[in-house]
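Enquirer: One file: run.txt (compact mmCIF, C-alpha atoms and all ligand atoms).
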# COMPACT_ATOMS: atom_id res chain seq x y z
CA MET A 1 -34.89 -32.53 -8.11
CA ALA A 2 -36.30 -29.39 -9.64
CA SER A 3 -36.20 -29.12 -13.41
CA GLY A 4 -34.32 -26.29 -15.12
CA SER A 5 -37.55 -24.50 -15.97
CA GLU A 6 -38.75 -24.63 -12.32
CA THR A 7 -35.53 -23.17 -10.94
CA SER A 8 -34.95 -20.47 -13.53
CA GLN A 9 -36.18 -17.05 -12.42
CA PRO A 10 -38.23 -14.81 -14.70
CA ILE A 11 -36.36 -11.67 -15.67
CA GLN A 12 -37.77 -8.78 -13.63
CA ALA A 13 -38.43 -5.40 -15.20
CA GLY A 14 -35.62 -3.15 -14.01
CA ASP A 15 -33.31 -6.14 -13.42
CA PRO A 16 -29.84 -4.55 -13.23
CA MET A 17 -28.34 -7.51 -15.09
CA MET A 18 -30.82 -7.31 -18.00
CA PRO A 19 -29.56 -5.39 -21.04
CA ARG A 20 -31.77 -3.45 -23.40
CA PHE A 21 -30.96 -3.98 -27.04
CA LEU A 22 -30.09 -0.89 -29.05
CA ARG A 23 -29.33 -0.34 -32.71
CA VAL A 24 -26.23 1.46 -33.89
CA ARG A 25 -27.35 4.68 -35.58
CA ARG A 26 -23.87 5.84 -36.59
CA ALA A 27 -20.31 4.55 -36.36
CA LEU A 28 -17.62 7.21 -36.53
CA LYS A 29 -13.96 6.31 -36.88
CA GLU A 30 -11.88 8.47 -34.54
CA THR A 31 -8.39 6.94 -34.91
CA HIS A 32 -6.85 3.74 -36.29
CA ASP A 33 -8.01 1.76 -33.19
CA THR A 34 -10.91 3.81 -31.80
CA SER A 35 -14.45 4.51 -32.95
CA THR A 36 -17.47 6.28 -31.56
CA LEU A 37 -20.76 4.39 -31.74
CA GLU A 38 -24.04 6.28 -31.49
CA PHE A 39 -27.09 4.24 -30.48
CA ASP A 40 -30.75 5.04 -30.88
CA ASP A 41 -32.04 5.05 -27.28
CA SER A 42 -35.21 7.07 -27.88
CA ASN A 43 -37.49 4.54 -26.12
CA ALA A 44 -35.68 3.93 -22.82
CA ALA A 45 -33.20 6.83 -22.54
CA PRO A 46 -32.33 6.68 -18.81
CA HIS A 47 -30.75 9.83 -17.46
CA PHE A 48 -27.00 9.62 -16.92
CA ALA A 49 -24.48 11.89 -15.25
CA PRO A 50 -21.07 12.72 -16.77
CA GLY A 51 -18.54 10.10 -15.66
CA GLN A 52 -20.95 7.15 -15.55
CA PHE A 53 -20.51 4.04 -17.68
CA ASN A 54 -22.59 1.29 -19.30
CA MET A 55 -21.93 -2.42 -19.80
CA LEU A 56 -22.00 -3.13 -23.55
CA TYR A 57 -22.71 -6.67 -24.70
CA LEU A 58 -21.73 -7.98 -28.12
CA PHE A 59 -23.38 -11.26 -29.17
CA GLY A 60 -20.91 -14.10 -29.31
CA ALA A 61 -18.10 -12.04 -27.77
CA GLY A 62 -18.97 -10.79 -24.29
CA GLU A 63 -19.53 -7.72 -22.20
CA VAL A 64 -17.30 -4.72 -21.36
CA ALA A 65 -17.51 -1.54 -19.30
CA ILE A 66 -17.50 1.58 -21.48
CA SER A 67 -17.95 5.19 -20.36
CA ILE A 68 -20.72 7.31 -21.81
CA SER A 69 -19.11 9.95 -24.01
CA GLY A 70 -22.17 11.85 -25.28
CA SER A 71 -24.23 14.71 -23.95
CA PRO A 72 -26.46 14.21 -20.86
CA ALA A 73 -28.84 16.71 -22.48
CA ARG A 74 -29.41 14.25 -25.36
CA PRO A 75 -29.99 10.88 -23.62
CA GLU A 76 -31.98 9.60 -26.64
CA THR A 77 -28.66 9.34 -28.49
CA LEU A 78 -26.41 7.12 -26.42
CA VAL A 79 -22.76 7.64 -27.34
CA HIS A 80 -19.76 5.44 -26.55
CA THR A 81 -16.17 5.80 -27.73
CA ILE A 82 -14.42 2.44 -27.84
CA ARG A 83 -10.80 1.48 -28.31
CA GLY A 84 -10.36 -1.98 -29.75
CA VAL A 85 -7.88 -3.71 -27.45
CA GLY A 86 -9.19 -7.25 -27.05
CA SER A 87 -11.74 -9.97 -27.59
CA VAL A 88 -14.87 -7.84 -27.10
CA THR A 89 -13.85 -4.30 -27.96
CA ALA A 90 -12.06 -5.19 -31.22
CA PRO A 91 -15.08 -6.93 -32.84
CA MET A 92 -17.40 -4.28 -31.37
CA LEU A 93 -15.58 -1.70 -33.48
CA ARG A 94 -16.74 -3.53 -36.58
CA SER A 95 -20.39 -2.68 -35.71
CA ARG A 96 -22.22 -0.81 -38.43
CA ARG A 97 -25.47 1.14 -38.70
CA GLY A 98 -28.39 -1.14 -37.79
CA ASP A 99 -26.33 -3.66 -35.78
CA VAL A 100 -27.65 -4.52 -32.32
CA VAL A 101 -25.67 -4.24 -29.08
CA GLY A 102 -26.87 -5.03 -25.53
CA VAL A 103 -26.63 -2.13 -23.09
CA ARG A 104 -27.16 -2.09 -19.34
CA GLY A 105 -26.60 0.86 -17.07
CA PRO A 106 -25.82 3.63 -16.45
CA TYR A 107 -23.66 2.67 -13.48
CA GLY A 108 -21.22 4.24 -11.10
CA SER A 109 -20.38 7.60 -9.63
CA ALA A 110 -20.14 10.88 -11.53
CA TRP A 111 -17.81 13.85 -11.80
CA PRO A 112 -18.64 16.54 -9.19
CA LEU A 113 -20.22 18.86 -11.74
CA GLU A 114 -23.11 19.97 -9.54
CA GLU A 115 -20.70 20.94 -6.77
CA ALA A 116 -18.72 22.96 -9.33
CA ALA A 117 -21.92 24.61 -10.60
CA ARG A 118 -23.01 25.53 -7.06
CA THR A 119 -19.77 27.38 -6.38
CA GLY A 120 -19.16 28.61 -9.95
CA CYS A 121 -15.54 27.54 -9.64
CA ASP A 122 -13.05 26.91 -12.45
CA LEU A 123 -12.57 23.43 -13.88
CA LEU A 124 -9.28 21.87 -14.88
CA LEU A 125 -9.71 18.69 -16.95
CA LEU A 126 -6.74 16.39 -17.59
CA ALA A 127 -7.22 13.57 -20.06
CA GLY A 128 -4.86 11.00 -21.52
CA GLY A 129 -5.75 8.94 -24.62
CA ILE A 130 -9.17 7.29 -24.41
CA GLY A 131 -9.56 9.08 -21.03
CA LEU A 132 -11.04 12.02 -22.92
CA ALA A 133 -14.19 9.93 -23.55
CA PRO A 134 -15.62 10.11 -19.98
CA ILE A 135 -14.49 13.76 -19.73
CA ARG A 136 -16.33 14.86 -22.89
CA PRO A 137 -19.81 14.90 -21.23
CA VAL A 138 -18.35 17.35 -18.67
CA VAL A 139 -17.29 19.68 -21.49
CA TYR A 140 -20.74 19.42 -23.11
CA GLU A 141 -22.46 20.29 -19.82
CA VAL A 142 -20.14 23.19 -19.00
CA LEU A 143 -20.63 24.69 -22.47
CA ARG A 144 -24.41 24.16 -22.26
CA ARG A 145 -24.69 25.78 -18.82
CA ARG A 146 -21.80 28.17 -19.37
CA ARG A 147 -22.77 30.84 -16.83
CA LYS A 148 -22.84 28.34 -13.97
CA PHE A 149 -19.11 27.67 -14.21
CA GLY A 150 -15.90 29.65 -14.17
CA ASN A 151 -13.04 29.09 -16.59
CA LEU A 152 -12.59 25.73 -18.25
CA ILE A 153 -9.09 24.41 -18.90
CA ILE A 154 -8.70 21.19 -20.90
CA LEU A 155 -5.29 19.50 -20.99
CA TYR A 156 -5.19 16.53 -23.35
CA GLY A 157 -2.32 14.19 -24.15
CA ALA A 158 -2.08 11.36 -26.67
CA ARG A 159 0.66 9.08 -27.94
CA THR A 160 0.82 10.74 -31.37
CA PRO A 161 -1.21 13.44 -33.17
CA ALA A 162 -3.05 10.66 -35.05
CA ASP A 163 -4.16 9.14 -31.72
CA MET A 164 -6.06 12.27 -30.65
CA LEU A 165 -9.79 11.86 -30.26
CA TYR A 166 -12.46 14.42 -31.21
CA ARG A 167 -10.03 16.64 -33.09
CA LYS A 168 -12.71 18.87 -34.64
CA GLU A 169 -14.39 19.35 -31.29
CA LEU A 170 -11.12 20.20 -29.54
CA ALA A 171 -10.59 22.97 -32.10
CA GLN A 172 -14.16 24.18 -31.64
CA TRP A 173 -14.10 24.09 -27.80
CA ARG A 174 -11.15 26.47 -27.64
CA THR A 175 -13.15 29.15 -29.51
CA HIS A 176 -15.51 29.56 -26.50
CA PRO A 177 -14.79 32.45 -24.14
CA GLY A 178 -13.10 31.33 -20.94
CA VAL A 179 -12.08 27.98 -22.42
CA THR A 180 -8.42 26.98 -22.80
CA VAL A 181 -7.40 23.81 -24.63
CA LYS A 182 -3.78 22.62 -24.52
CA LEU A 183 -2.59 19.53 -26.36
CA ILE A 184 0.55 17.43 -26.07
CA VAL A 185 1.84 14.22 -27.66
CA ASP A 186 4.45 11.67 -26.64
CA ARG A 187 5.82 11.53 -30.19
CA ALA A 188 5.40 14.22 -32.84
CA ALA A 189 4.70 13.56 -36.51
CA ALA A 190 4.94 15.60 -39.71
CA GLY A 191 2.69 18.64 -39.45
CA TRP A 192 2.56 18.72 -35.63
CA SER A 193 3.64 22.12 -34.35
CA GLY A 194 2.32 21.62 -30.81
CA ARG A 195 4.07 20.43 -27.69
CA VAL A 196 5.83 17.12 -27.20
CA GLY A 197 6.06 15.61 -23.73
CA VAL A 198 3.80 14.39 -20.96
CA ILE A 199 0.58 15.91 -19.72
CA THR A 200 2.07 17.25 -16.51
CA ASP A 201 4.28 19.51 -18.71
CA LEU A 202 1.06 21.32 -19.63
CA LEU A 203 0.27 22.08 -16.00
CA GLY A 204 3.07 24.65 -16.03
CA ALA A 205 1.59 26.30 -19.14
CA VAL A 206 -1.76 27.31 -17.63
CA GLN A 207 -2.82 29.83 -15.00
CA PHE A 208 -5.45 28.94 -12.41
CA ASP A 209 -6.27 29.69 -8.79
CA PRO A 210 -5.81 26.39 -6.94
CA ALA A 211 -8.26 27.41 -4.22
CA GLU A 212 -11.00 28.09 -6.80
CA THR A 213 -10.43 25.12 -9.09
CA ILE A 214 -11.77 21.56 -9.20
CA ALA A 215 -9.56 19.17 -11.18
CA MET A 216 -10.79 16.00 -12.92
CA ALA A 217 -8.38 13.47 -14.43
CA CYS A 218 -8.84 10.36 -16.53
CA GLY A 219 -6.28 8.32 -18.40
CA PRO A 220 -3.63 5.67 -17.84
CA GLU A 221 -2.98 5.23 -14.13
CA VAL A 222 0.60 6.44 -14.33
CA MET A 223 -0.65 9.66 -15.95
CA MET A 224 -3.23 10.16 -13.19
CA ARG A 225 -0.67 9.55 -10.46
CA PHE A 226 1.73 12.13 -11.91
CA SER A 227 -1.11 14.57 -12.59
CA TYR A 228 -2.28 14.24 -9.00
CA HIS A 229 1.18 15.00 -7.60
CA GLY A 230 1.61 17.86 -10.10
CA LEU A 231 -1.71 19.33 -8.96
CA LEU A 232 -0.71 19.04 -5.29
CA ARG A 233 2.54 20.86 -6.11
CA ARG A 234 0.51 23.63 -7.77
CA GLY A 235 -1.40 24.01 -4.50
CA VAL A 236 -4.65 22.22 -5.40
CA ALA A 237 -5.97 20.48 -2.29
CA ALA A 238 -6.44 16.70 -2.58
CA GLU A 239 -10.16 17.17 -1.83
CA ARG A 240 -10.50 19.23 -5.02
CA VAL A 241 -9.00 16.52 -7.29
CA TYR A 242 -11.14 13.71 -8.80
CA MET A 243 -10.03 10.73 -10.85
CA SER A 244 -11.76 7.95 -12.76
CA MET A 245 -10.44 4.42 -12.22
CA GLU A 246 -10.50 1.51 -14.64
CA ARG A 247 -10.61 -2.04 -13.38
CA ASN A 248 -11.76 -5.32 -14.85
CA MET A 249 -15.54 -5.55 -14.33
CA LYS A 250 -18.08 -8.31 -14.69
CA CYS A 251 -21.37 -7.47 -12.95
CA ALA A 252 -20.94 -3.67 -12.51
CA VAL A 253 -23.36 -3.67 -9.55
CA GLY A 254 -21.23 -4.81 -6.62
CA PHE A 255 -22.16 -8.55 -6.74
CA CYS A 256 -19.19 -10.40 -8.20
CA GLY A 257 -16.20 -8.82 -6.45
CA HIS A 258 -14.11 -8.59 -9.65
CA CYS A 259 -13.42 -4.90 -9.14
CA GLN A 260 -13.11 -4.99 -5.36
CA PHE A 261 -10.12 -3.49 -3.54
CA SER A 262 -10.40 -3.88 0.23
CA PRO A 263 -13.77 -2.30 1.10
CA VAL A 264 -14.02 -0.43 -2.23
CA PHE A 265 -15.94 -1.60 -5.29
CA ILE A 266 -14.76 0.38 -8.32
CA CYS A 267 -18.07 -0.32 -10.12
CA LYS A 268 -20.42 1.10 -7.51
CA ASP A 269 -18.26 3.32 -5.29
CA GLY A 270 -16.47 4.64 -8.41
CA PRO A 271 -15.29 4.85 -11.11
CA VAL A 272 -14.97 8.53 -10.14
CA PHE A 273 -13.26 9.00 -6.77
CA ARG A 274 -12.01 11.98 -4.83
CA ALA A 275 -8.23 11.69 -5.03
CA ASP A 276 -7.54 11.59 -1.30
CA ARG A 277 -9.86 8.56 -1.01
CA LEU A 278 -8.24 6.91 -4.00
CA GLU A 279 -4.60 7.38 -3.08
CA PRO A 280 -4.15 3.97 -1.41
CA LEU A 281 -5.53 2.27 -4.58
CA LEU A 282 -3.32 4.02 -7.12
CA GLY A 283 -0.80 1.55 -8.42
CA VAL A 284 -2.56 -1.48 -6.92
CA ARG A 285 -2.44 -4.08 -9.67
CA GLU A 286 -5.45 -6.01 -10.93
CA LEU A 287 -5.95 -9.38 -9.32
C1 LIG A 301 -15.50 2.21 -15.70
C2 LIG A 301 -14.78 1.87 -16.98
C3 LIG A 301 -14.96 2.69 -18.08
C4 LIG A 301 -14.31 2.38 -19.28
N1 LIG A 301 -14.51 3.19 -20.35
C5 LIG A 301 -13.96 2.89 -21.54
C6 LIG A 301 -14.23 3.67 -22.69
O1 LIG A 301 -14.95 4.68 -22.64
N2 LIG A 301 -13.68 3.29 -23.85
C7 LIG A 301 -12.86 2.19 -23.96
O2 LIG A 301 -12.39 1.88 -25.05
N3 LIG A 301 -12.58 1.43 -22.89
C8 LIG A 301 -13.12 1.74 -21.67
N4 LIG A 301 -12.86 0.96 -20.60
C9 LIG A 301 -11.94 -0.17 -20.75
C10 LIG A 301 -12.65 -1.36 -21.34
O3 LIG A 301 -13.62 -1.85 -20.41
C11 LIG A 301 -11.63 -2.46 -21.64
O4 LIG A 301 -10.78 -2.01 -22.66
C12 LIG A 301 -12.33 -3.70 -22.09
O5 LIG A 301 -12.92 -4.31 -20.96
C13 LIG A 301 -11.38 -4.67 -22.75
O6 LIG A 301 -12.14 -5.81 -23.03
P1 LIG A 301 -11.81 -6.79 -24.23
O7 LIG A 301 -12.57 -8.03 -23.94
O8 LIG A 301 -12.00 -6.14 -25.54
O9 LIG A 301 -10.28 -6.98 -24.03
P2 LIG A 301 -9.53 -8.24 -23.40
O10 LIG A 301 -9.59 -9.35 -24.37
O11 LIG A 301 -10.02 -8.44 -22.02
O12 LIG A 301 -8.07 -7.63 -23.40
C14 LIG A 301 -7.72 -6.64 -22.47
C15 LIG A 301 -6.19 -6.48 -22.50
O13 LIG A 301 -5.52 -7.71 -22.60
C16 LIG A 301 -4.71 -7.70 -23.77
N5 LIG A 301 -4.91 -8.99 -24.45
C17 LIG A 301 -6.00 -9.40 -25.08
N6 LIG A 301 -5.84 -10.62 -25.58
C18 LIG A 301 -4.58 -10.98 -25.24
C19 LIG A 301 -3.79 -12.14 -25.47
N7 LIG A 301 -4.28 -13.19 -26.15
N8 LIG A 301 -2.54 -12.18 -24.97
C20 LIG A 301 -2.03 -11.14 -24.28
N9 LIG A 301 -2.73 -10.00 -24.04
C21 LIG A 301 -3.97 -9.94 -24.52
C22 LIG A 301 -5.18 -6.63 -24.65
O14 LIG A 301 -4.14 -6.10 -25.44
C23 LIG A 301 -5.68 -5.66 -23.66
O15 LIG A 301 -4.64 -4.84 -23.19
C24 LIG A 301 -13.48 1.25 -19.37
C25 LIG A 301 -13.31 0.43 -18.26
C26 LIG A 301 -13.94 0.74 -17.08
C27 LIG A 301 -13.77 -0.16 -15.89
S1 LIG A 302 -17.80 -5.63 -11.25
FE1 LIG A 302 -18.75 -7.04 -9.94
S2 LIG A 302 -18.39 -6.16 -8.00
FE2 LIG A 302 -17.69 -4.63 -9.35
When written as structure tokens, how does the structure in this file appear?

Expert:
Amino acid sequence: MASGSETSQPIQAGDPMMPRFLRVRRALKETHDTSTLEFDDSNAAPHFAPGQFNMLYLFGAGEVAISISGSPARPETLVHTIRGVGSVTAPMLRSRRGDVVGVRGPYGSAWPLEEAARTGCDLLLLAGGIGLAPIRPVVYEVLRRRRKFGNLIILYGARTPADMLYRKELAQWRTHPGVTVKLIVDRAAAGWSGRVGVITDLLGAVQFDPAETIAMACGPEVMMRFSYHGLLRRGVAAERVYMSMERNMKCAVGFCGHCQFSPVFICKDGPVFRADRLEPLLGVREL
């Protein structure tokens, strides 16, 4: 019988399962349960496209899929916004400057930004809660390459005003010409003078040409389902709507089958899907 050392394989350079170890440069508290961690990635800095995600590994806790929420133009600063909901993400939020986290990726499909840039069409972004994190790199790219795109409409909903991410940036984004930002909360609080309701209420408050608009949605699945049907009712063709799916992931490279639904692997065929391809999966519960 072969010994353990004879059977174990050396780790290959470029092994998709091998993390690189990055130090936290800055930890920024966004809300009571969500923080943004910035990592120093100046040595490896692989290019990523808006919508892609990494697997983040915390020693002694485990590994989770987290979208990249920073700017593709600054890959040396890797940015992730994490909501502490369980056994890995909650302790990960306690990371401080200098702490080390394992990172592998980037993985998955991207938002159709290049298609939008080619046609110069308008973009309608719908985000719910932490769903603004994978949408933020789209905003950064559109503002950086402003003349390539038409109007930018951002609709963002959160449970309460205190649950809103990136509040300073939201206020700053709306000062750009051709950019509209509309916010809504499920429950108001003292000082909130904005709208109360669900994100689809905001769809009626903005003007856009459905034939010249690409829509991108990310958030709780129920929000995406209603947004999709709201967009169809406004005349946006299903082929112009994209959504990002969340499913439990282990390998992130199509090996383990954890994220598989029929022939689709959310990790490598998604997480971003064109809505007409995704429709049969919406509402399918995790195994
Ligand atoms: C492509 C992709 C991108 C993602 N991007 C982001 C992102 O940018 N930011 C982000 O924050 N998240 C993101 N997620 C979600 C993130 O991966 C999950 O939140 C994470 O995997 C949760 O892992 P955990 O081990 O911390 O939680 P787990 O311990 O697995 O808990 C998950 C859920 O189970 C519940 N739970 C935990 N323990 C118990 C218990 N003992 N009893 C009952 N219920 C319990 C929790 O409340 C939670 O709802 C993304 C997921 C995918 C697939
Ligand atoms: S996470 Fe393993 S196949 Fe998708």

Enquirer: Step by step, measure atom-to-atom distances between ligand LIG 302 (chain A) and each residue using only C-alpha atoms and all ligand atoms, keep those at most 10 Å, then write them as a ChimeraX atom specification.

Expert: /A:65,108,247-261,264-271

Enquirer: Suppose we keep C-alpha atoms; can you now write the selection as an mmCIF file, keeping the file's coordinate frame?

Expert:
data_model
loop_
_atom_site.group_PDB
_atom_site.id
_atom_site.type_symbol
_atom_site.label_atom_id
_atom_site.label_comp_id
_atom_site.auth_asym_id
_atom_site.auth_seq_id
_atom_site.Cartn_x
_atom_site.Cartn_y
_atom_site.Cartn_z
ATOM 1 C CA ALA A 65 -17.510 -1.540 -19.300
ATOM 2 C CA GLY A 108 -21.220 4.240 -11.100
ATOM 3 C CA ARG A 247 -10.610 -2.040 -13.380
ATOM 4 C CA ASN A 248 -11.760 -5.320 -14.850
ATOM 5 C CA MET A 249 -15.540 -5.550 -14.330
ATOM 6 C CA LYS A 250 -18.080 -8.310 -14.690
ATOM 7 C CA CYS A 251 -21.370 -7.470 -12.950
ATOM 8 C CA ALA A 252 -20.940 -3.670 -12.510
ATOM 9 C CA VAL A 253 -23.360 -3.670 -9.550
ATOM 10 C CA GLY A 254 -21.230 -4.810 -6.620
ATOM 11 C CA PHE A 255 -22.160 -8.550 -6.740
ATOM 12 C CA CYS A 256 -19.190 -10.400 -8.200
ATOM 13 C CA GLY A 257 -16.200 -8.820 -6.450
ATOM 14 C CA HIS A 258 -14.110 -8.590 -9.650
ATOM 15 C CA CYS A 259 -13.420 -4.900 -9.140
ATOM 16 C CA GLN A 260 -13.110 -4.990 -5.360
ATOM 17 C CA PHE A 261 -10.120 -3.490 -3.540
ATOM 18 C CA VAL A 264 -14.020 -0.430 -2.230
ATOM 19 C CA PHE A 265 -15.940 -1.600 -5.290
ATOM 20 C CA ILE A 266 -14.760 0.380 -8.320
ATOM 21 C CA CYS A 267 -18.070 -0.320 -10.120
ATOM 22 C CA LYS A 268 -20.420 1.100 -7.510
ATOM 23 C CA ASP A 269 -18.260 3.320 -5.290
ATOM 24 C CA GLY A 270 -16.470 4.640 -8.410
ATOM 25 C CA PRO A 271 -15.290 4.850 -11.110
#

Enquirer: Per residue of chain A within 6 Å of ligand LIG 301 (chain A), which atom pair is closest and at what distance in Å (one decimal), using all atoms listed in the file, listed by chain and increasing number, as a Markdown table?

Expert:
| residue | atom | partner | partner_atom | distance |
| --- | --- | --- | --- | --- |
| A:Phe53 | CA | A:LIG301 | C1 | 5.7 |
| A:Val64 | CA | A:LIG301 | O5 | 4.4 |
| A:Ala65 | CA | A:LIG301 | O3 | 4.1 |
| A:Ile66 | CA | A:LIG301 | N1 | 3.6 |
| A:Ser67 | CA | A:LIG301 | O1 | 3.8 |
| A:Thr81 | CA | A:LIG301 | N2 | 5.2 |
| A:Ile82 | CA | A:LIG301 | O2 | 3.5 |
| A:Arg83 | CA | A:LIG301 | O2 | 3.6 |
| A:Val85 | CA | A:LIG301 | C23 | 4.8 |
| A:Gly86 | CA | A:LIG301 | O9 | 3.2 |
| A:Ser87 | CA | A:LIG301 | O10 | 3.9 |
| A:Val88 | CA | A:LIG301 | O8 | 3.7 |
| A:Thr89 | CA | A:LIG301 | O8 | 3.6 |
| A:Ala90 | CA | A:LIG301 | O8 | 5.8 |
| A:Ala133 | CA | A:LIG301 | O1 | 5.4 |
| A:Glu246 | CA | A:LIG301 | C27 | 3.9 |
| A:Arg247 | CA | A:LIG301 | C27 | 4.5 |
| A:Asn248 | CA | A:LIG301 | C27 | 5.6 |
| A:Met249 | CA | A:LIG301 | C27 | 5.9 |
| A:Pro271 | CA | A:LIG301 | C1 | 5.3 |

Enquirer: Within 12 Å of segment 226-239 of chain A, which residues of segment 83-159 of chain A show up? Give each one with its shortest atom-to-atom distance in Å (one decimal) and the two atoms involved, counting all atoms listed in the file, rows by chain then rising residue number, as CSV.

Expert:
residue,atom,partner,partner_atom,distance
A:Pro112,CA,A:Glu239,CA,11.2
A:Asp122,CA,A:Val236,CA,11.9
A:Leu123,CA,A:Val236,CA,11.7
A:Leu124,CA,A:Leu231,CA,9.9
A:Leu125,CA,A:Ser227,CA,10.5
A:Leu126,CA,A:Ser227,CA,7.7
A:Ala127,CA,A:Ser227,CA,9.7
A:Gly128,CA,A:Ser227,CA,10.3
A:Leu155,CA,A:Ser227,CA,10.6
A:Tyr156,CA,A:Ser227,CA,11.7
A:Gly157,CA,A:Ser227,CA,11.6

Enquirer: In Å to one decimal, how far is atom CA of Val272 of chain A from atom CA of Asp186 of chain A?

Expert: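 Interatomic distance, atom CA of Asp186 of chain A to atom CA of Val272 of chain A: 25.7 Å.
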
Enquirer: Pick out the closest residue to Lys29 of chain A from this set: A:Asp99, A:Tyr57, A:Ala162, A:Ser109. Count only C-alpha atoms.

Expert: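 With only C-alpha atoms as the atom set, the closest residue is A:Ala162.
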
Enquirer: Could you write segment 53-64 of chain A of the block just shown to a file containing N, CA, C and O atoms, as a PDB file, in the first residue's frame?

Expert:
ATOM      1  N   PHE A  53     -16.673  36.378  -8.693  1.00  0.00           N
ATOM      2  CA  PHE A  53     -16.519  36.194  -7.246  1.00  0.00           C
ATOM      3  C   PHE A  53     -15.220  35.445  -6.932  1.00  0.00           C
ATOM      4  O   PHE A  53     -14.600  34.848  -7.824  1.00  0.00           O
ATOM      5  N   ASN A  54     -14.810  35.512  -5.683  1.00  0.00           N
ATOM      6  CA  ASN A  54     -13.677  34.734  -5.167  1.00  0.00           C
ATOM      7  C   ASN A  54     -14.163  33.784  -4.094  1.00  0.00           C
ATOM      8  O   ASN A  54     -15.234  33.999  -3.499  1.00  0.00           O
ATOM      9  N   MET A  55     -13.389  32.739  -3.799  1.00  0.00           N
ATOM     10  CA  MET A  55     -13.605  31.928  -2.613  1.00  0.00           C
ATOM     11  C   MET A  55     -12.649  32.456  -1.544  1.00  0.00           C
ATOM     12  O   MET A  55     -11.427  32.512  -1.761  1.00  0.00           O
ATOM     13  N   LEU A  56     -13.195  32.864  -0.394  1.00  0.00           N
ATOM     14  CA  LEU A  56     -12.387  33.393   0.705  1.00  0.00           C
ATOM     15  C   LEU A  56     -12.314  32.347   1.801  1.00  0.00           C
ATOM     16  O   LEU A  56     -13.339  31.801   2.210  1.00  0.00           O
ATOM     17  N   TYR A  57     -11.086  32.107   2.271  1.00  0.00           N
ATOM     18  CA  TYR A  57     -10.862  31.047   3.252  1.00  0.00           C
ATOM     19  C   TYR A  57     -10.346  31.655   4.553  1.00  0.00           C
ATOM     20  O   TYR A  57      -9.328  32.366   4.563  1.00  0.00           O
ATOM     21  N   LEU A  58     -11.078  31.375   5.637  1.00  0.00           N
ATOM     22  CA  LEU A  58     -10.644  31.854   6.953  1.00  0.00           C
ATOM     23  C   LEU A  58     -10.128  30.665   7.748  1.00  0.00           C
ATOM     24  O   LEU A  58     -10.847  29.667   7.918  1.00  0.00           O
ATOM     25  N   PHE A  59      -8.895  30.755   8.233  1.00  0.00           N
ATOM     26  CA  PHE A  59      -8.292  29.648   8.989  1.00  0.00           C
ATOM     27  C   PHE A  59      -9.191  29.239  10.147  1.00  0.00           C
ATOM     28  O   PHE A  59      -9.681  30.072  10.888  1.00  0.00           O
ATOM     29  N   GLY A  60      -9.402  27.940  10.261  1.00  0.00           N
ATOM     30  CA  GLY A  60     -10.168  27.417  11.386  1.00  0.00           C
ATOM     31  C   GLY A  60     -11.663  27.563  11.233  1.00  0.00           C
ATOM     32  O   GLY A  60     -12.422  27.119  12.102  1.00  0.00           O
ATOM     33  N   ALA A  61     -12.120  28.165  10.141  1.00  0.00           N
ATOM     34  CA  ALA A  61     -13.571  28.370   9.971  1.00  0.00           C
ATOM     35  C   ALA A  61     -14.069  27.740   8.676  1.00  0.00           C
ATOM     36  O   ALA A  61     -14.998  26.930   8.688  1.00  0.00           O
ATOM     37  N   GLY A  62     -13.466  28.055   7.556  1.00  0.00           N
ATOM     38  CA  GLY A  62     -13.901  27.475   6.286  1.00  0.00           C
ATOM     39  C   GLY A  62     -13.843  28.482   5.155  1.00  0.00           C
ATOM     40  O   GLY A  62     -13.207  29.539   5.283  1.00  0.00           O
ATOM     41  N   GLU A  63     -14.545  28.112   4.077  1.00  0.00           N
ATOM     42  CA  GLU A  63     -14.421  28.886   2.840  1.00  0.00           C
ATOM     43  C   GLU A  63     -15.808  29.291   2.342  1.00  0.00           C
ATOM     44  O   GLU A  63     -16.743  28.493   2.403  1.00  0.00           O
ATOM     45  N   VAL A  64     -15.930  30.512   1.815  1.00  0.00           N
ATOM     46  CA  VAL A  64     -17.220  30.991   1.299  1.00  0.00           C
ATOM     47  C   VAL A  64     -17.016  31.744  -0.012  1.00  0.00           C
ATOM     48  O   VAL A  64     -15.946  32.301  -0.266  1.00  0.00           O
TER      49      VAL A  64
END
